[in-house]
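Heads up: the structure comes next, in structure tokens.
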Amino acid sequence: MKYLKIAGIVWGLAYFLFGAWSSFTLNSIDFWSSVTLLFCLFLLPFPIAIMGVWLPRAAGIALLGCILVNVGSVASVVIAQHALSFAGISGYGLFVAVWDIPHLLFGSGYIFLARVEKSNAAKAAAGA
């Protein structure tokens, strides 16, 4: 189980570095949606993954919350740019799938880890 925490921190650091590098390309078009997406997609997962060492359930819920914010940010950009064609929606779906699947995997992994740790603690308390 500790490998999940280590992998989550490495993944969060990689996303953080990519997001920090990408922050130099922000422009004034859809600025707030871009900033929200930058924080929730790239910059927040690293501190959340570090928090997952001590509070895995809270970290998992926070990562799943980041997915919701990411989907809302990208949807607002698609709607604002009137890109409701098939190409716009398929590009939206591809973007969400590529960048948010690790959020989903690590978020659900942290929640599962919290359940296992709680179950093990309950068994240890019952056995003692």
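Residue numbers start at 1 in each chain; chains themselves are named A, B, ... in the order of the structure tokens; ligands are numbered from 1 in the order shown.
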Produce a table with one row for each residue of range 90-114 of chain A that has an atom at most 10 Å from any atom of range 7-28 of chain A, each row naming the nearest atom pair and its distance in Å at one decimal; use only C-alpha atoms; arrange rows by chain and rising residue number; format as CSV.
```
residue,atom,partner,partner_atom,distance
A:Trp99,CA,A:Tyr15,CA,9.5
A:Pro102,CA,A:Trp11,CA,8.3
A:His103,CA,A:Gly12,CA,9.3
A:Leu105,CA,A:Gly8,CA,9.7
A:Phe106,CA,A:Gly8,CA,6.5
A:Gly107,CA,A:Gly8,CA,9.3
A:Gly109,CA,A:Gly8,CA,9.4
A:Tyr110,CA,A:Gly8,CA,9.0
```
Could the residues in this selection be saved with N, CA and C atoms as a tab-separated table (two decimals), in the first residue's frame?
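Saved the output as result-v3.tsv:
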```
chain	number	residue	atom	x	y	z
A	99	TRP	N	-6.10	13.64	-19.32
A	99	TRP	CA	-5.50	14.29	-18.16
A	99	TRP	C	-6.16	13.96	-16.84
A	102	PRO	N	-5.68	9.75	-14.48
A	102	PRO	CA	-4.83	9.52	-13.30
A	102	PRO	C	-5.45	10.07	-12.01
A	103	HIS	N	-6.14	11.21	-12.10
A	103	HIS	CA	-6.84	11.74	-10.92
A	103	HIS	C	-7.85	10.71	-10.41
A	105	LEU	N	-7.92	7.42	-10.98
A	105	LEU	CA	-7.27	6.20	-10.48
A	105	LEU	C	-6.66	6.41	-9.10
A	106	PHE	N	-5.92	7.49	-8.93
A	106	PHE	CA	-5.30	7.73	-7.63
A	106	PHE	C	-6.35	8.11	-6.58
A	107	GLY	N	-7.36	8.87	-6.96
A	107	GLY	CA	-8.42	9.22	-6.02
A	107	GLY	C	-9.15	7.99	-5.51
A	109	GLY	N	-7.99	4.97	-5.63
A	109	GLY	CA	-6.99	4.17	-4.91
A	109	GLY	C	-6.80	4.64	-3.49
A	110	TYR	N	-6.77	5.96	-3.29
A	110	TYR	CA	-6.63	6.49	-1.94
A	110	TYR	C	-7.86	6.16	-1.08
```
Shell around Leu37 in chain A at 12 Å using only C-alpha atoms, local window under 6 positions removed, as a list in words: Gly19, Ser22, Ser23, Leu26, Asp30, Phe31, Leu43, Leu44, Pro45, Cys66, Ile67, Leu68, Val69, Asn70, Val71, Gly72, Ser73, Val74, Ala75, Ser76, Val77, Phe95, Val96, Trp99 and Asp100 of chain A
